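Next up, coords.pdb (PDB, C-alpha atoms and all ligand atoms):
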```pdb
ATOM      1  CA  MET A   1     -17.154  -6.174  -1.179
ATOM      2  CA  ASN A   2     -16.390  -4.069   1.861
ATOM      3  CA  LYS A   3     -15.071  -0.585   1.312
ATOM      4  CA  ILE A   4     -12.040   0.072   3.497
ATOM      5  CA  ILE A   5     -10.973   3.463   2.156
ATOM      6  CA  GLU A   6     -13.122   6.146   0.558
ATOM      7  CA  PHE A   7     -11.969   9.338  -1.144
ATOM      8  CA  LYS A   8     -15.007  11.574  -1.470
ATOM      9  CA  ASN A   9     -14.552  14.563  -3.753
ATOM     10  CA  VAL A  10     -11.028  15.075  -2.449
ATOM     11  CA  SER A  11      -8.843  17.975  -3.530
ATOM     12  CA  PHE A  12      -5.384  18.581  -2.175
ATOM     13  CA  SER A  13      -2.867  21.418  -2.606
ATOM     14  CA  TYR A  14       0.549  21.545  -0.999
ATOM     15  CA  SER A  15       0.136  25.263  -0.341
ATOM     16  CA  GLU A  16      -2.368  28.047  -0.855
ATOM     17  CA  GLU A  17      -0.415  29.519  -3.756
ATOM     18  CA  GLU A  18      -0.056  26.215  -5.578
ATOM     19  CA  GLU A  19      -2.610  24.546  -7.820
ATOM     20  CA  ALA A  20      -4.411  21.484  -6.502
ATOM     21  CA  VAL A  21      -2.446  18.306  -7.233
ATOM     22  CA  LEU A  22      -5.536  16.179  -6.613
ATOM     23  CA  GLN A  23      -8.815  17.442  -7.988
ATOM     24  CA  ASN A  24     -12.232  16.203  -6.876
ATOM     25  CA  LEU A  25     -10.915  12.708  -6.502
ATOM     26  CA  ASP A  26     -13.466   9.948  -5.909
ATOM     27  CA  LEU A  27     -11.796   6.624  -5.280
ATOM     28  CA  ASP A  28     -12.603   3.610  -3.114
ATOM     29  CA  PHE A  29     -10.489   0.650  -2.062
ATOM     30  CA  TYR A  30     -11.915  -2.718  -1.040
ATOM     31  CA  GLU A  31     -11.120  -5.331   1.567
ATOM     32  CA  GLY A  32      -8.965  -8.265   0.551
ATOM     33  CA  GLN A  33      -8.053  -6.809  -2.835
ATOM     34  CA  PHE A  34      -4.625  -6.280  -4.327
ATOM     35  CA  THR A  35      -4.855  -2.910  -6.063
ATOM     36  CA  CYS A  36      -2.080  -1.393  -8.145
ATOM     37  CA  VAL A  37      -1.939   2.345  -8.736
ATOM     38  CA  LEU A  38      -0.180   3.499 -11.900
ATOM     39  CA  GLY A  39       0.415   6.945 -13.355
ATOM     40  CA  HIS A  40       3.118   9.173 -14.797
ATOM     41  CA  ASN A  41       5.552  11.107 -12.570
ATOM     42  CA  GLY A  42       3.693  13.832 -10.744
ATOM     43  CA  SER A  43       0.228  12.373 -11.379
ATOM     44  CA  GLY A  44      -0.495  12.413  -7.645
ATOM     45  CA  LYS A  45       0.024   8.773  -6.586
ATOM     46  CA  SER A  46       2.246   9.446  -3.559
ATOM     47  CA  THR A  47       0.058  12.333  -2.459
ATOM     48  CA  MET A  48      -2.993  10.059  -2.674
ATOM     49  CA  ALA A  49      -1.165   7.310  -0.723
ATOM     50  CA  LYS A  50      -0.264   9.702   2.092
ATOM     51  CA  LEU A  51      -3.854  10.931   2.333
ATOM     52  CA  ILE A  52      -4.962   7.337   3.049
ATOM     53  CA  ASN A  53      -3.372   7.162   6.490
ATOM     54  CA  ALA A  54      -3.626  10.789   7.533
ATOM     55  CA  LEU A  55      -0.042  11.778   6.715
ATOM     56  CA  TYR A  56      -1.838  14.478   4.708
ATOM     57  CA  ILE A  57      -5.337  15.846   5.246
ATOM     58  CA  PRO A  58      -7.549  16.851   2.276
ATOM     59  CA  THR A  59      -7.761  20.553   1.420
ATOM     60  CA  SER A  60     -11.403  19.846   0.633
ATOM     61  CA  GLY A  61     -13.513  16.707   0.542
ATOM     62  CA  THR A  62     -13.142  13.717   2.869
ATOM     63  CA  VAL A  63     -11.017  10.610   3.182
ATOM     64  CA  ILE A  64     -12.596   7.856   5.281
ATOM     65  CA  SER A  65     -10.196   5.068   6.257
ATOM     66  CA  TYR A  66     -11.745   2.094   8.031
ATOM     67  CA  GLY A  67     -14.804   4.191   8.818
ATOM     68  CA  LEU A  68     -12.747   7.012  10.323
ATOM     69  CA  ASP A  69     -12.389  10.543   8.954
ATOM     70  CA  THR A  70      -8.661  11.212   8.449
ATOM     71  CA  ALA A  71      -9.210  14.938   9.149
ATOM     72  CA  ASP A  72     -10.081  14.219  12.782
ATOM     73  CA  GLU A  73      -6.850  14.212  14.773
ATOM     74  CA  LYS A  74      -8.054  11.650  17.289
ATOM     75  CA  ASN A  75      -8.479   9.129  14.444
ATOM     76  CA  GLU A  76      -4.827   9.239  13.445
ATOM     77  CA  ILE A  77      -3.617   6.412  15.692
ATOM     78  CA  PRO A  78      -6.603   4.086  15.109
ATOM     79  CA  ILE A  79      -6.189   4.606  11.342
ATOM     80  CA  ARG A  80      -2.492   3.768  11.478
ATOM     81  CA  ARG A  81      -3.306   0.589  13.408
ATOM     82  CA  ASN A  82      -5.348  -0.448  10.403
ATOM     83  CA  ILE A  83      -3.079   0.751   7.631
ATOM     84  CA  GLY A  84       0.677   0.262   7.402
ATOM     85  CA  MET A  85       2.854   2.185   4.945
ATOM     86  CA  VAL A  86       6.040   1.115   3.173
ATOM     87  CA  PHE A  87       8.025   3.626   1.149
ATOM     88  CA  GLN A  88      10.515   3.491  -1.688
ATOM     89  CA  ASN A  89      13.802   3.602   0.169
ATOM     90  CA  PRO A  90      14.246   0.771   2.699
ATOM     91  CA  ASP A  91      17.212   2.544   4.322
ATOM     92  CA  ASN A  92      14.960   5.335   5.564
ATOM     93  CA  GLN A  93      12.653   2.855   7.256
ATOM     94  CA  ILE A  94      15.148   0.940   9.343
ATOM     95  CA  VAL A  95      15.369   2.077  12.948
ATOM     96  CA  ALA A  96      17.327  -0.638  14.797
ATOM     97  CA  THR A  97      20.697  -2.352  14.490
ATOM     98  CA  ILE A  98      19.360  -5.922  14.688
ATOM     99  CA  VAL A  99      16.683  -7.225  12.326
ATOM    100  CA  GLU A 100      14.346  -8.560  15.028
ATOM    101  CA  ASP A 101      14.537  -5.332  17.028
ATOM    102  CA  ASP A 102      13.636  -3.417  13.919
ATOM    103  CA  VAL A 103      10.545  -5.545  13.348
ATOM    104  CA  ALA A 104       9.642  -5.264  17.057
ATOM    105  CA  PHE A 105       9.746  -1.456  17.011
ATOM    106  CA  GLY A 106       6.108  -0.977  15.899
ATOM    107  CA  PRO A 107       4.541  -3.561  18.255
ATOM    108  CA  GLU A 108       6.627  -2.153  21.139
ATOM    109  CA  ASN A 109       5.144   1.258  20.449
ATOM    110  CA  LEU A 110       1.687  -0.291  20.678
ATOM    111  CA  GLY A 111       2.613  -1.206  24.260
ATOM    112  CA  LEU A 112       1.983  -4.925  23.749
ATOM    113  CA  PRO A 113       3.177  -7.554  26.261
ATOM    114  CA  ARG A 114       6.659  -9.077  25.665
ATOM    115  CA  ASP A 115       5.336 -12.543  24.716
ATOM    116  CA  GLU A 116       2.951 -11.104  22.182
ATOM    117  CA  ILE A 117       5.722  -9.004  20.633
ATOM    118  CA  ARG A 118       8.025 -12.052  20.405
ATOM    119  CA  LYS A 119       5.272 -14.047  18.707
ATOM    120  CA  ARG A 120       4.437 -11.307  16.219
ATOM    121  CA  VAL A 121       8.063 -10.662  15.308
ATOM    122  CA  ASP A 122       8.738 -14.346  14.628
ATOM    123  CA  GLU A 123       5.551 -14.722  12.586
ATOM    124  CA  ALA A 124       6.248 -11.596  10.560
ATOM    125  CA  LEU A 125       9.822 -12.625   9.786
ATOM    126  CA  LYS A 126       8.615 -16.062   8.690
ATOM    127  CA  ALA A 127       5.920 -14.504   6.491
ATOM    128  CA  VAL A 128       8.566 -12.608   4.509
ATOM    129  CA  ASN A 129      11.041 -15.519   4.564
ATOM    130  CA  MET A 130      13.588 -13.600   6.644
ATOM    131  CA  TYR A 131      13.404 -15.535   9.932
ATOM    132  CA  GLU A 132      16.898 -16.929   9.544
ATOM    133  CA  TYR A 133      18.203 -13.355   9.345
ATOM    134  CA  ARG A 134      16.643 -12.309  12.664
ATOM    135  CA  TYR A 135      19.993 -11.660  14.368
ATOM    136  CA  HIS A 136      21.585  -9.950  11.350
ATOM    137  CA  GLU A 137      22.331  -6.266  11.003
ATOM    138  CA  PRO A 138      19.748  -4.688   8.672
ATOM    139  CA  HIS A 139      22.319  -2.374   7.126
ATOM    140  CA  ARG A 140      24.233  -5.359   5.799
ATOM    141  CA  LEU A 141      21.269  -6.859   3.984
ATOM    142  CA  SER A 142      20.474  -6.441   0.294
ATOM    143  CA  GLY A 143      17.873  -3.899  -0.818
ATOM    144  CA  GLY A 144      15.236  -6.602  -1.388
ATOM    145  CA  GLN A 145      15.925  -8.138   2.013
ATOM    146  CA  LYS A 146      15.753  -4.731   3.697
ATOM    147  CA  GLN A 147      12.468  -4.013   2.004
ATOM    148  CA  ARG A 148      11.105  -7.363   3.227
ATOM    149  CA  ILE A 149      12.181  -6.387   6.756
ATOM    150  CA  ALA A 150      10.270  -3.115   6.361
ATOM    151  CA  ILE A 151       7.228  -5.151   5.263
ATOM    152  CA  ALA A 152       7.703  -7.507   8.245
ATOM    153  CA  GLY A 153       7.608  -4.430  10.495
ATOM    154  CA  VAL A 154       4.192  -3.595   9.090
ATOM    155  CA  ILE A 155       2.980  -7.218   9.320
ATOM    156  CA  ALA A 156       3.998  -7.307  12.995
ATOM    157  CA  MET A 157       1.657  -4.371  13.589
ATOM    158  CA  LYS A 158      -1.132  -6.638  12.278
ATOM    159  CA  THR A 159      -2.594  -3.919  10.144
ATOM    160  CA  ASN A 160      -5.477  -4.963   7.902
ATOM    161  CA  CYS A 161      -4.124  -3.052   4.949
ATOM    162  CA  ILE A 162      -0.668  -2.246   3.608
ATOM    163  CA  VAL A 163       0.006   0.710   1.327
ATOM    164  CA  LEU A 164       3.328   0.583  -0.517
ATOM    165  CA  ASP A 165       4.700   3.487  -2.527
ATOM    166  CA  GLU A 166       7.125   2.136  -5.139
ATOM    167  CA  PRO A 167       8.669  -0.373  -2.737
ATOM    168  CA  THR A 168      10.573  -2.085  -5.532
ATOM    169  CA  ALA A 169      11.943   1.027  -7.264
ATOM    170  CA  MET A 170      15.458   0.511  -5.953
ATOM    171  CA  LEU A 171      15.579  -3.251  -6.278
ATOM    172  CA  ASP A 172      16.962  -5.610  -8.899
ATOM    173  CA  PRO A 173      14.614  -8.076 -10.642
ATOM    174  CA  LYS A 174      15.157 -10.746  -7.984
ATOM    175  CA  GLY A 175      14.566  -8.283  -5.144
ATOM    176  CA  ARG A 176      11.441  -7.025  -6.901
ATOM    177  CA  ARG A 177      10.109 -10.552  -7.327
ATOM    178  CA  GLU A 178      10.731 -11.303  -3.642
ATOM    179  CA  VAL A 179       8.750  -8.277  -2.533
ATOM    180  CA  ILE A 180       5.838  -8.871  -4.933
ATOM    181  CA  GLU A 181       5.631 -12.552  -3.996
ATOM    182  CA  THR A 182       5.555 -11.569  -0.313
ATOM    183  CA  LEU A 183       2.684  -9.169  -0.994
ATOM    184  CA  LEU A 184       0.700 -11.751  -2.959
ATOM    185  CA  LYS A 185       1.195 -14.215  -0.099
ATOM    186  CA  LEU A 186      -0.043 -11.665   2.441
ATOM    187  CA  LYS A 187      -3.153 -11.152   0.396
ATOM    188  CA  ASN A 188      -3.803 -14.816  -0.373
ATOM    189  CA  GLU A 189      -2.900 -16.378   2.964
ATOM    190  CA  TYR A 190      -3.709 -13.642   5.444
ATOM    191  CA  GLY A 191      -6.436 -11.715   3.621
ATOM    192  CA  ILE A 192      -4.502  -8.447   3.933
ATOM    193  CA  SER A 193      -5.592  -5.694   1.545
ATOM    194  CA  VAL A 194      -2.677  -4.381  -0.514
ATOM    195  CA  ILE A 195      -2.416  -1.033  -2.292
ATOM    196  CA  LEU A 196       0.726  -0.901  -4.392
ATOM    197  CA  VAL A 197       1.924   2.217  -6.203
ATOM    198  CA  THR A 198       4.292   1.171  -8.965
ATOM    199  CA  HIS A 199       5.762   2.003 -12.357
ATOM    200  CA  PHE A 200       6.253  -1.653 -13.235
ATOM    201  CA  MET A 201       3.605  -3.084 -15.533
ATOM    202  CA  ASP A 202       4.614  -6.671 -14.780
ATOM    203  CA  GLU A 203       3.695  -5.999 -11.137
ATOM    204  CA  ALA A 204       0.373  -4.468 -12.124
ATOM    205  CA  VAL A 205      -0.702  -7.552 -14.119
ATOM    206  CA  LYS A 206      -0.652  -9.536 -10.861
ATOM    207  CA  ALA A 207      -3.175  -7.222  -9.176
ATOM    208  CA  ASP A 208      -6.915  -7.794  -8.812
ATOM    209  CA  ARG A 209      -7.508  -4.214  -9.840
ATOM    210  CA  VAL A 210      -5.490  -1.490 -11.566
ATOM    211  CA  VAL A 211      -6.157   2.220 -11.025
ATOM    212  CA  VAL A 212      -4.471   4.671 -13.392
ATOM    213  CA  MET A 213      -4.023   8.263 -12.247
ATOM    214  CA  ASN A 214      -3.429  11.204 -14.548
ATOM    215  CA  ASP A 215      -3.052  14.812 -13.391
ATOM    216  CA  GLY A 216      -4.576  14.183  -9.984
ATOM    217  CA  LYS A 217      -7.557  12.219 -11.252
ATOM    218  CA  VAL A 218      -8.425   8.583 -11.844
ATOM    219  CA  CYS A 219      -8.630   7.991 -15.578
ATOM    220  CA  LEU A 220      -8.774   4.177 -15.826
ATOM    221  CA  ASP A 221      -9.970   1.658 -13.265
ATOM    222  CA  GLY A 222     -10.588  -2.044 -13.753
ATOM    223  CA  THR A 223      -9.021  -5.481 -13.939
ATOM    224  CA  PRO A 224      -5.522  -5.606 -15.473
ATOM    225  CA  ALA A 225      -7.053  -7.023 -18.682
ATOM    226  CA  GLN A 226      -9.582  -4.167 -18.887
ATOM    227  CA  VAL A 227      -7.060  -1.433 -18.156
ATOM    228  CA  PHE A 228      -4.325  -2.712 -20.451
ATOM    229  CA  SER A 229      -6.730  -3.076 -23.375
ATOM    230  CA  ASN A 230      -6.527   0.761 -23.570
ATOM    231  CA  ALA A 231      -3.050   0.738 -25.090
ATOM    232  CA  SER A 232      -3.270   4.033 -26.972
ATOM    233  CA  HIS A 233      -4.872   5.856 -24.039
ATOM    234  CA  LEU A 234      -2.076   4.606 -21.761
ATOM    235  CA  GLU A 235       0.532   5.629 -24.301
ATOM    236  CA  SER A 236      -0.944   9.127 -24.542
ATOM    237  CA  MET A 237      -0.304   9.443 -20.784
ATOM    238  CA  GLY A 238       3.295   8.337 -21.123
ATOM    239  CA  LEU A 239       2.612   4.805 -19.880
ATOM    240  CA  THR A 240       3.171   1.475 -21.564
ATOM    241  CA  VAL A 241       1.384  -1.854 -21.604
ATOM    242  CA  PRO A 242       3.025  -5.041 -20.270
ATOM    243  CA  LYS A 243       5.751  -6.364 -22.602
ATOM    244  CA  PRO A 244       3.915  -9.556 -23.698
ATOM    245  CA  LEU A 245       0.939  -7.470 -24.810
ATOM    246  CA  GLU A 246       3.167  -4.971 -26.612
ATOM    247  CA  LEU A 247       4.802  -7.832 -28.459
ATOM    248  CA  ALA A 248       1.393  -9.246 -29.421
ATOM    249  CA  TYR A 249       0.394  -5.829 -30.838
ATOM    250  CA  GLN A 250       3.634  -5.638 -32.827
ATOM    251  CA  LEU A 251       3.049  -9.103 -34.243
ATOM    252  CA  GLN A 252      -0.515  -8.145 -35.110
ATOM    253  CA  LYS A 253       0.756  -5.162 -37.111
ATOM    254  CA  ASN A 254       2.868  -7.667 -39.041
ATOM    255  CA  GLY A 255      -0.041  -9.965 -39.810
ATOM    256  CA  VAL A 256       0.390 -12.414 -36.937
ATOM    257  CA  ARG A 257      -2.760 -12.327 -34.841
ATOM    258  CA  ILE A 258      -2.640 -14.360 -31.651
ATOM    259  CA  ASN A 259      -5.754 -15.008 -29.578
ATOM    260  CA  GLY A 260      -6.619 -12.814 -26.639
ATOM    261  CA  GLU A 261      -4.501 -10.129 -25.048
ATOM    262  CA  PRO A 262      -1.573 -11.778 -23.267
ATOM    263  CA  LEU A 263      -0.473  -9.994 -20.085
ATOM    264  CA  THR A 264       2.163 -12.500 -18.988
ATOM    265  CA  ALA A 265       4.933 -14.377 -20.786
ATOM    266  CA  ALA A 266       3.055 -17.655 -20.195
ATOM    267  CA  GLU A 267      -0.126 -16.272 -21.798
ATOM    268  CA  PHE A 268       1.897 -14.995 -24.730
ATOM    269  CA  VAL A 269       3.544 -18.385 -25.269
ATOM    270  CA  ASP A 270       0.136 -20.116 -25.151
ATOM    271  CA  GLY A 271      -1.308 -17.679 -27.677
ATOM    272  CA  PHE A 272       1.684 -17.981 -29.967
ATOM    273  CA  LYS A 273       1.745 -21.792 -29.812
ATOM    274  CA  ASN A 274      -1.926 -21.792 -30.639
ATOM    275  CA  TYR A 275      -1.275 -19.538 -33.642
ATOM    276  CA  VAL A 276       1.549 -21.757 -34.940
ATOM    277  CA  GLU A 277      -0.435 -24.965 -34.485
ATOM    278  CA  ASN A 278      -3.554 -23.636 -36.229
ATOM    279  CA  ARG A 279      -1.780 -21.866 -39.061
ATOM    280  CA  GLY A 280      -2.613 -22.725 -42.628
TER     281      GLY A 280
HETATM  282  N1  LIG B 301       6.146  18.236  -0.727
HETATM  283  C1  LIG B 301       5.660  18.800  -1.827
HETATM  284  N2  LIG B 301       5.496  20.132  -1.918
HETATM  285  C2  LIG B 301       4.971  20.717  -3.021
HETATM  286  N3  LIG B 301       4.567  20.041  -4.105
HETATM  287  C3  LIG B 301       4.692  18.713  -4.085
HETATM  288  C4  LIG B 301       5.244  18.022  -2.959
HETATM  289  N4  LIG B 301       5.231  16.689  -3.215
HETATM  290  C5  LIG B 301       4.724  16.561  -4.453
HETATM  291  N5  LIG B 301       4.389  17.769  -4.980
HETATM  292  C6  LIG B 301       3.777  18.006  -6.298
HETATM  293  O1  LIG B 301       2.537  17.314  -6.349
HETATM  294  C7  LIG B 301       2.316  16.700  -7.600
HETATM  295  C8  LIG B 301       2.046  15.239  -7.381
HETATM  296  O2  LIG B 301       3.189  14.635  -6.815
HETATM  297  P1  LIG B 301       3.230  13.135  -6.321
HETATM  298  O3  LIG B 301       4.505  12.960  -5.591
HETATM  299  O4  LIG B 301       1.976  12.818  -5.596
HETATM  300  O5  LIG B 301       3.252  12.355  -7.718
HETATM  301  P2  LIG B 301       3.566  10.832  -8.043
HETATM  302  O6  LIG B 301       2.456  10.372  -8.920
HETATM  303  O7  LIG B 301       3.800  10.094  -6.777
HETATM  304  O8  LIG B 301       4.891  10.917  -8.902
HETATM  305  P3  LIG B 301       6.150   9.903  -9.019
HETATM  306  O9  LIG B 301       5.738   8.862 -10.010
HETATM  307  O10 LIG B 301       7.232  10.772  -9.543
HETATM  308  O11 LIG B 301       6.435   9.364  -7.663
HETATM  309  C9  LIG B 301       3.564  16.997  -8.423
HETATM  310  O12 LIG B 301       3.272  18.052  -9.289
HETATM  311  C10 LIG B 301       4.594  17.412  -7.407
HETATM  312  O13 LIG B 301       5.464  18.353  -7.940
HETATM  313 MG    MG B 302       5.447   9.073  -6.008
END
```
Go ahead and render the structure in this file as structure tokens.
Amino acid sequence: MNKIIEFKNVSFSYSEEEEAVLQNLDLDFYEGQFTCVLGHNGSGKSTMAKLINALYIPTSGTVISYGLDTADEKNEIPIRRNIGMVFQNPDNQIVATIVEDDVAFGPENLGLPRDEIRKRVDEALKAVNMYEYRYHEPHRLSGGQKQRIAIAGVIAMKTNCIVLDEPTAMLDPKGRREVIETLLKLKNEYGISVILVTHFMDEAVKADRVVVMNDGKVCLDGTPAQVFSNASHLESMGLTVPKPLELAYQLQKNGVRINGEPLTAAEFVDGFKNYVENRG
């Protein structure tokens, strides 16, 4: 698999007086993967995300994004053409008063021809299922819809990778589902690499890979099944496992052992049905 982003022995401090919030971080991200980054408050996830596209520069060590050193100022624009960022609050990311103008903002800044911009905006709005809202005012949309507009803005830039820092934090369950489904579609249909920082375990189970950060370091890294099999380790860091797995552990403590380690409701139901059918 192709490496798209490499953290090589990266440390980062916000100021000279303060302790490093990232310490000797080695972490790679790969093309076409959906990676979730988990970790307790203050573990360094947002700092790490901002180092990816040169919003921050390492205090020591190197971040290479799409083959380019983020510390070199002339790489900033090429890096941002490869990597789009979406943040937690959709209101802070909206710049225009009409949805389609908002989505066009990025491509316009790239200096693309009118026709190309039109095409990209339409495609991006269709990709996030918001095409019918193209003439609406963004400020009158729901949080989930706004966040999908922010994602469309990044899609219209045709970046190869999207980094999202808790994009669903302010959304209700439906809004969260809409955003996650959009991201999965981008990965599956367009081959876009997705790096999603989240606190929601049910989002993490959908990823190809889960990275857990603790105190500025990576402490677990693997498939969702591998990472979530470390229940007590996760708990010691103030994290939980996905609900279906937690329920399976509780049942196990009460003498009901279902097969495997269910990460989704469907897997739990299968395991439980199997238990009931094979009992006694
Ligand atoms: N602008 C800043 N100036 C100084 N210190 C900061 C700044 N932003 C974050 N920090 C500190 O850096 C550490 C890591 O913060 P960061 O925001 O990267 O964590 P996080 O994992 O994203 O947390 P959360 O889950 O709360 O979003 C924390 O100790 C935090 O207090
Ligand atoms: Mg954060």
Discussion item. List as number ranges by chain the protein and nucleic acid residues lying within 6 Å of ligand LIG 301 (chain B), with all atoms listed in the file counted.
Written reply: A: 14, 21, 39-47
A straight line from atom CA of A:Met85 to atom CA of A:Val99 spans 18.3 Å
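Of the listed residues A:Cys36, A:Val154, A:Leu110, A:Gln93, the one whose atoms come nearest to A:Glu123 is A:Val154, with distances taken using all atoms listed in the file.
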Where is the centre and how long are the edges: axis-aligned box on stretch 181-191 of chain A, 5 Å on each side, Å to one decimal, as AutoDock Vina command-line options:
```
--center_x -0.4 --center_y -12.8 --center_z 0.7 --size_x 22.1 --size_y 17.2 --size_z 19.4
```
Shortest contact to A:Asp91, candidates A:Asn75, A:Asn53, A:Gln147, A:Ser11, atoms counted only C-alpha atoms, goes to A:Gln147
Report as a PyMOL selection string the residues that result from applying the PyMOL selection byres (((chain A and resi 165) around 6) and not hetatm) to the structure here. chain A and resi 87-88+164+166-167+197
*asked:* the PyMOL selection byres (((chain A and resi 60) around 8) and not hetatm) - which residues does that actually catch in the file I just gave you? List them as a ChimeraX atom specification.
replied: /A:9-12,58-59,61-62
Apply the PyMOL selection byres (((chain A and resi 199-214) around 8) and not hetatm) to the file shown and report the selected residues as a CSV table (one decimal) with C-alpha atoms, in the frame of the given file.
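Done, and the output landed in result.csv:
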```
chain,number,residue,atom,x,y,z
A,33,GLN,CA,-8.1,-6.8,-2.8
A,34,PHE,CA,-4.6,-6.3,-4.3
A,35,THR,CA,-4.9,-2.9,-6.1
A,36,CYS,CA,-2.1,-1.4,-8.1
A,37,VAL,CA,-1.9,2.3,-8.7
A,38,LEU,CA,-0.2,3.5,-11.9
A,39,GLY,CA,0.4,6.9,-13.4
A,40,HIS,CA,3.1,9.2,-14.8
A,43,SER,CA,0.2,12.4,-11.4
A,44,GLY,CA,-0.5,12.4,-7.6
A,45,LYS,CA,0.0,8.8,-6.6
A,166,GLU,CA,7.1,2.1,-5.1
A,180,ILE,CA,5.8,-8.9,-4.9
A,197,VAL,CA,1.9,2.2,-6.2
A,198,THR,CA,4.3,1.2,-9.0
A,215,ASP,CA,-3.1,14.8,-13.4
A,216,GLY,CA,-4.6,14.2,-10.0
A,217,LYS,CA,-7.6,12.2,-11.3
A,218,VAL,CA,-8.4,8.6,-11.8
A,219,CYS,CA,-8.6,8.0,-15.6
A,220,LEU,CA,-8.8,4.2,-15.8
A,221,ASP,CA,-10.0,1.7,-13.3
A,222,GLY,CA,-10.6,-2.0,-13.8
A,223,THR,CA,-9.0,-5.5,-13.9
A,224,PRO,CA,-5.5,-5.6,-15.5
A,225,ALA,CA,-7.1,-7.0,-18.7
A,227,VAL,CA,-7.1,-1.4,-18.2
A,237,MET,CA,-0.3,9.4,-20.8
A,240,THR,CA,3.2,1.5,-21.6
A,241,VAL,CA,1.4,-1.9,-21.6
A,242,PRO,CA,3.0,-5.0,-20.3
A,243,LYS,CA,5.8,-6.4,-22.6
A,263,LEU,CA,-0.5,-10.0,-20.1
A,264,THR,CA,2.2,-12.5,-19.0
```
Using only C-alpha atoms and all ligand atoms, the best pick from A:Ala156, A:Val128, A:Ala265, A:Ala169 as closest to ligand MG 302 (chain B) would be A:Ala169
Correct to one decimal, the distance atom CA of A:Gly191-atom CA of A:Glu31 is 8.2 Å
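Note that the spacing between atom CA of A:Leu112 and atom CA of A:Cys161 amounts to 19.9 Å.
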Counting all atoms listed in the file, the residue among A:Leu196, A:Pro262, A:His139, A:Arg118 that lies closest to ligand MG 302 (chain B) is A:Leu196
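The smallest atom-to-atom distance between ligand MG 302 (chain B) and any of A:Ala49, A:Ile192, A:Leu22, A:Leu27, using all atoms listed in the file, is found for A:Ala49.
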| Within 12 Å of A:Arg279, counting all atoms listed in the file, which residues qualify if same-chain residues fewer than 6 places away don't, as number ranges by chain? | A: 256-258, 272-273
Taking (0.5, -1.3, 7.2) as a centre in this file's frame and 10 Å as the limit, can you find every polymer residue with an atom that close, using all atoms listed in the file, and give them as a VMD selection string?
chain A and resid 53 79 to 86 150 to 164 192 to 195
Could you check which residues have any atom within 12 Å of (7.8, -10.6, 23.5), counting all atoms listed in the file with coordinates taken straight from the file, and then list them as a PDB file with C-alpha atoms, in the coordinates of the input?
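File written: selection.pdb
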```
ATOM      1  CA  GLU A 100      14.346  -8.560  15.028  1.00  0.00           C
ATOM      2  CA  ASP A 101      14.537  -5.332  17.028  1.00  0.00           C
ATOM      3  CA  VAL A 103      10.545  -5.545  13.348  1.00  0.00           C
ATOM      4  CA  ALA A 104       9.642  -5.264  17.057  1.00  0.00           C
ATOM      5  CA  PHE A 105       9.746  -1.456  17.011  1.00  0.00           C
ATOM      6  CA  PRO A 107       4.541  -3.561  18.255  1.00  0.00           C
ATOM      7  CA  GLU A 108       6.627  -2.153  21.139  1.00  0.00           C
ATOM      8  CA  GLY A 111       2.613  -1.206  24.260  1.00  0.00           C
ATOM      9  CA  LEU A 112       1.983  -4.925  23.749  1.00  0.00           C
ATOM     10  CA  PRO A 113       3.177  -7.554  26.261  1.00  0.00           C
ATOM     11  CA  ARG A 114       6.659  -9.077  25.665  1.00  0.00           C
ATOM     12  CA  ASP A 115       5.336 -12.543  24.716  1.00  0.00           C
ATOM     13  CA  GLU A 116       2.951 -11.104  22.182  1.00  0.00           C
ATOM     14  CA  ILE A 117       5.722  -9.004  20.633  1.00  0.00           C
ATOM     15  CA  ARG A 118       8.025 -12.052  20.405  1.00  0.00           C
ATOM     16  CA  LYS A 119       5.272 -14.047  18.707  1.00  0.00           C
ATOM     17  CA  ARG A 120       4.437 -11.307  16.219  1.00  0.00           C
ATOM     18  CA  VAL A 121       8.063 -10.662  15.308  1.00  0.00           C
ATOM     19  CA  ASP A 122       8.738 -14.346  14.628  1.00  0.00           C
ATOM     20  CA  GLU A 123       5.551 -14.722  12.586  1.00  0.00           C
ATOM     21  CA  ALA A 156       3.998  -7.307  12.995  1.00  0.00           C
TER      22      ALA A 156
END
```
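Proximity to A:Val269 was assessed for A:Leu245, A:Gln23, A:Ile94, A:Lys74 counting all atoms listed in the file; the smallest distance is recorded for A:Leu245.
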